[in-house]
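*Asks:* One structure follows; several queries about it will come next.
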Amino acid sequence: MNLNQLRGFTAIARLGSFTRAADSLSLTQPALSVQIRALEGSLGQPLFERHGRRVLLTPAGRLLARRARRVLAMVDQAAAEIAALKGLAGGRLVIATNDSNCLYLLPETVRLFRTRFPAVELHLRNSHSTQVVAWVVGGQAELGLVTMPVPDPRIETRPLLRREDVLVCARDHPLSGRDAVTPQDLVEHPLLLLNKVSVSRGLLDRTLAEADARPREVMEVGSIEVIKRYVEIGLGVSVIPRFAAERELREGRLRAVALPWLPQCSIGVARRHGGYLSPAARAFLALLDERLAGRSLARGSRSPRA
């Protein structure tokens with residue numbers, strides 16, 4: 001039994017597929033299969049059984065999975081602690097977050113980090129907050145920036161800032177002159193929204209349902225950049241974080257209208273509960289705090305209306 005075999009085994013157990021596990025480890029499927037056969041041979045027990053396209057753990061596999069995760073976590077922590085002896089003259093840091101944070105909150109922090117710690121390999125992974133949490137839990141990312149709350153007990157979070165979501169519309173739209181709109185006002189117009197896996201979309205849907213406000217028309221769009229462009233040319237209105245539209249609001253291409261009835265979201269840092277925080281991660285968080293402390297939307301304050 002060796003560490004490569006254990007890493008291959010835990011990847012299959014987590015993903016339920018030899019193919020996906022091999023891809024995640026940058027291995028060929030035959031090479032991974034050889035590792036697993038050798039591991040099963042050394043233990044004298046089968047670890048997986050196939051059910052259609054899915055691969056399930058046998059009783060022996062379930063027992064090994066519990067122990068293997070602990071062993072690999074201890075090995076990874078030891079490697080990180082040894083690397084920390086070199087300070088920040090090397091190492092690797094993986095940050096995961098959603099598209100909005102990656103586009104509008106992180107660029108300057110990333111630039112500063114790369115400038116101050118050029119020897120550290122910095123990797124960004126972006127997807128919706130649910131996937132970000134899965135990456136942090138699975139060890140594919142050391143830190144995640146997520147929309148809170150995160151109910152997973154395997155994750156601990158701390159808030160970074162309050163996020164004000166606003167209605168955005170074209171500058172000549174009938175709602176553009178309002179100080180605020182009601183849920184009923186909002187649903188009278190075509191809505192351009194992120195897909196339902198988004199945490200903020202779920203919050204908006206629940207709030208509208210509680211107000212018995214039924215959208216007349218909803219177009220699901222994959223990114224906020226596309227949403228802003230479509231809003232600007234008059235295809236509908238949307239609800240997005242104010243910080244994601246700062247440039248368009250400043251240039252007068254979009255208008256923002258307050259939604260006082262919509263609960264505010266918090267953006268926070270997620271990490272594995274009780275997990276080791278590398279020197280690179282601590283340095284990145286310090287820079288992030290430094291950058292966000294200077295923003296008007298940080299620490300729970302609301303930015304002035306555009």
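Naming scheme: A, B, ... for chains in displayed order of the structure tokens; residues 1 onward per chain; ligands 1 onward as shown.
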Write out as a tab-separated table the residues of region 170-189 of chain A that have any atom within 8 Å of an atom of region 224-239 of chain A, one row each with the nearest atom pair and its distance in Å to one decimal, counting only C-alpha atoms, sorted by chain and then rising number.
*Replies:*
```
residue	atom	partner	partner_atom	distance
A:Ala170	CA	A:Glu232	CA	4.8
A:Arg171	CA	A:Glu232	CA	7.7
A:His173	CA	A:Gly234	CA	7.5
A:His189	CA	A:Gly236	CA	6.5
```
*Asks:* Pick out each residue of region 184-294 of chain A that DSSP on the backbone tags as strand (DSSP E); I need them as an NGL selection string.
*Replies:* :A and (191-193 or 218-220 or 238-241 or 254-257 or 265-272)
*Asks:* Between A:Leu3, A:Ala281, A:Ser129, A:Arg271, which residue has the minimum interatomic distance to Met74 (chain A), considering only C-alpha atoms?
*Replies:*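 Comparing A:Leu3, A:Ala281, A:Ser129, A:Arg271 against Met74 (chain A), the winner is A:Leu3.
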*Asks:* Which value, in Å to one decimal, gives the distance between CA of Arg214 (chain A) and CA of Asp99 (chain A)?
*Replies:*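 These two atoms are separated by 27.3 Å.
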*Asks:* Hey, can you check how far CA of Asp185 (chain A) sits from CA of Glu220 (chain A)?
*Replies:*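 Computed distance, CA of Asp185 (chain A) to CA of Glu220 (chain A), equals 19.5 Å.
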*Asks:* Compare A:Leu32, A:Ile155, A:Ala256, A:Val197 by their minimum atom-to-atom distance to Glu142 (chain A), counting only C-alpha atoms, and give me the closest one.
*Replies:*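 Of A:Leu32, A:Ile155, A:Ala256, A:Val197, the one nearest Glu142 (chain A), counting only C-alpha atoms, is A:Ile155.
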*Asks:* Looking only at helix (DSSP H, G or I) from DSSP on the backbone, list the matching residues of region 80-279 of chain A as a VMD selection string.
*Replies:* chain A and resid 80 to 84 99 to 104 107 to 116 129 to 138 183 to 187 199 to 210 224 to 232 242 to 250 279
*Asks:* Taking 4 positions as the minimum chain separation for residues in the same chain, which residues sit within 6 Å of Leu124 (chain A) when counting only C-alpha atoms? Answer as a PyMOL selection string.
*Replies:* chain A and resi 94-96
*Asks:* Give me, as a tab-separated table (two decimals) with N, CA and C atoms, in the first residue's frame, all polymer residues having an atom no more than 12 Å from Arg125 (chain A), counting only C-alpha atoms and skipping those fewer than 4 positions away in the same chain.
*Replies:*
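And here is the file that came out, out_29.tsv:
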```tsv
chain	number	residue	atom	x	y	z
A	93	LEU	N	-0.93	27.56	-3.63
A	93	LEU	CA	-2.17	27.96	-2.98
A	93	LEU	C	-3.30	27.91	-4.01
A	94	VAL	N	-4.39	27.22	-3.66
A	94	VAL	CA	-5.56	27.14	-4.54
A	94	VAL	C	-6.71	27.86	-3.84
A	95	ILE	N	-7.26	28.86	-4.53
A	95	ILE	CA	-8.41	29.63	-4.06
A	95	ILE	C	-9.59	29.32	-4.97
A	96	ALA	N	-10.75	29.07	-4.38
A	96	ALA	CA	-11.95	28.80	-5.17
A	96	ALA	C	-13.01	29.84	-4.84
A	97	THR	N	-13.75	30.28	-5.86
A	97	THR	CA	-14.81	31.25	-5.63
A	97	THR	C	-15.74	31.27	-6.83
A	98	ASN	N	-16.79	32.07	-6.73
A	98	ASN	CA	-17.72	32.16	-7.87
A	98	ASN	C	-17.24	33.23	-8.86
A	99	ASP	N	-17.92	33.30	-10.00
A	99	ASP	CA	-17.48	34.20	-11.06
A	99	ASP	C	-17.50	35.66	-10.62
A	101	ASN	N	-17.18	37.10	-7.60
A	101	ASN	CA	-16.05	37.45	-6.73
A	101	ASN	C	-14.74	37.44	-7.50
A	102	CYS	N	-14.60	36.45	-8.39
A	102	CYS	CA	-13.37	36.32	-9.16
A	102	CYS	C	-13.16	37.54	-10.07
A	103	LEU	N	-14.25	38.03	-10.66
A	103	LEU	CA	-14.15	39.15	-11.60
A	103	LEU	C	-14.05	40.51	-10.92
A	129	SER	N	-21.16	28.78	-5.60
A	129	SER	CA	-20.72	28.60	-4.22
A	129	SER	C	-20.86	27.16	-3.74
A	131	GLN	N	-20.38	24.41	-5.46
A	131	GLN	CA	-19.22	23.68	-5.95
A	131	GLN	C	-17.95	24.13	-5.23
A	132	VAL	N	-17.86	25.42	-4.91
A	132	VAL	CA	-16.70	25.92	-4.17
A	132	VAL	C	-16.59	25.20	-2.82
A	133	VAL	N	-17.71	25.06	-2.12
A	133	VAL	CA	-17.70	24.35	-0.84
A	133	VAL	C	-17.24	22.91	-1.04
A	134	ALA	N	-17.72	22.24	-2.10
A	134	ALA	CA	-17.30	20.86	-2.37
A	134	ALA	C	-15.81	20.78	-2.61
A	135	TRP	N	-15.23	21.75	-3.31
A	135	TRP	CA	-13.79	21.75	-3.53
A	135	TRP	C	-13.03	21.92	-2.23
A	136	VAL	N	-13.50	22.80	-1.36
A	136	VAL	CA	-12.81	23.02	-0.08
A	136	VAL	C	-12.91	21.77	0.78
A	140	GLN	N	-9.51	20.11	-2.78
A	140	GLN	CA	-9.03	20.65	-4.06
A	140	GLN	C	-8.76	22.14	-3.96
A	141	ALA	N	-9.22	22.81	-2.92
A	141	ALA	CA	-8.92	24.22	-2.68
A	141	ALA	C	-8.71	24.40	-1.19
A	142	GLU	N	-7.73	25.25	-0.83
A	142	GLU	CA	-7.48	25.50	0.60
A	142	GLU	C	-8.45	26.52	1.15
A	143	LEU	N	-8.82	27.51	0.33
A	143	LEU	CA	-9.74	28.55	0.75
A	143	LEU	C	-10.83	28.73	-0.30
A	144	GLY	N	-12.01	29.11	0.15
A	144	GLY	CA	-13.08	29.46	-0.77
A	144	GLY	C	-13.70	30.78	-0.37
A	145	LEU	N	-14.07	31.59	-1.34
A	145	LEU	CA	-14.89	32.78	-1.09
A	145	LEU	C	-16.30	32.43	-1.52
```
*Asks:* Between CA of Leu208 (chain A) and CA of Pro183 (chain A), what is the distance in Å, rounded to a tenth?
*Replies:*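 Separation of CA of Leu208 (chain A) and CA of Pro183 (chain A): 6.3 Å.
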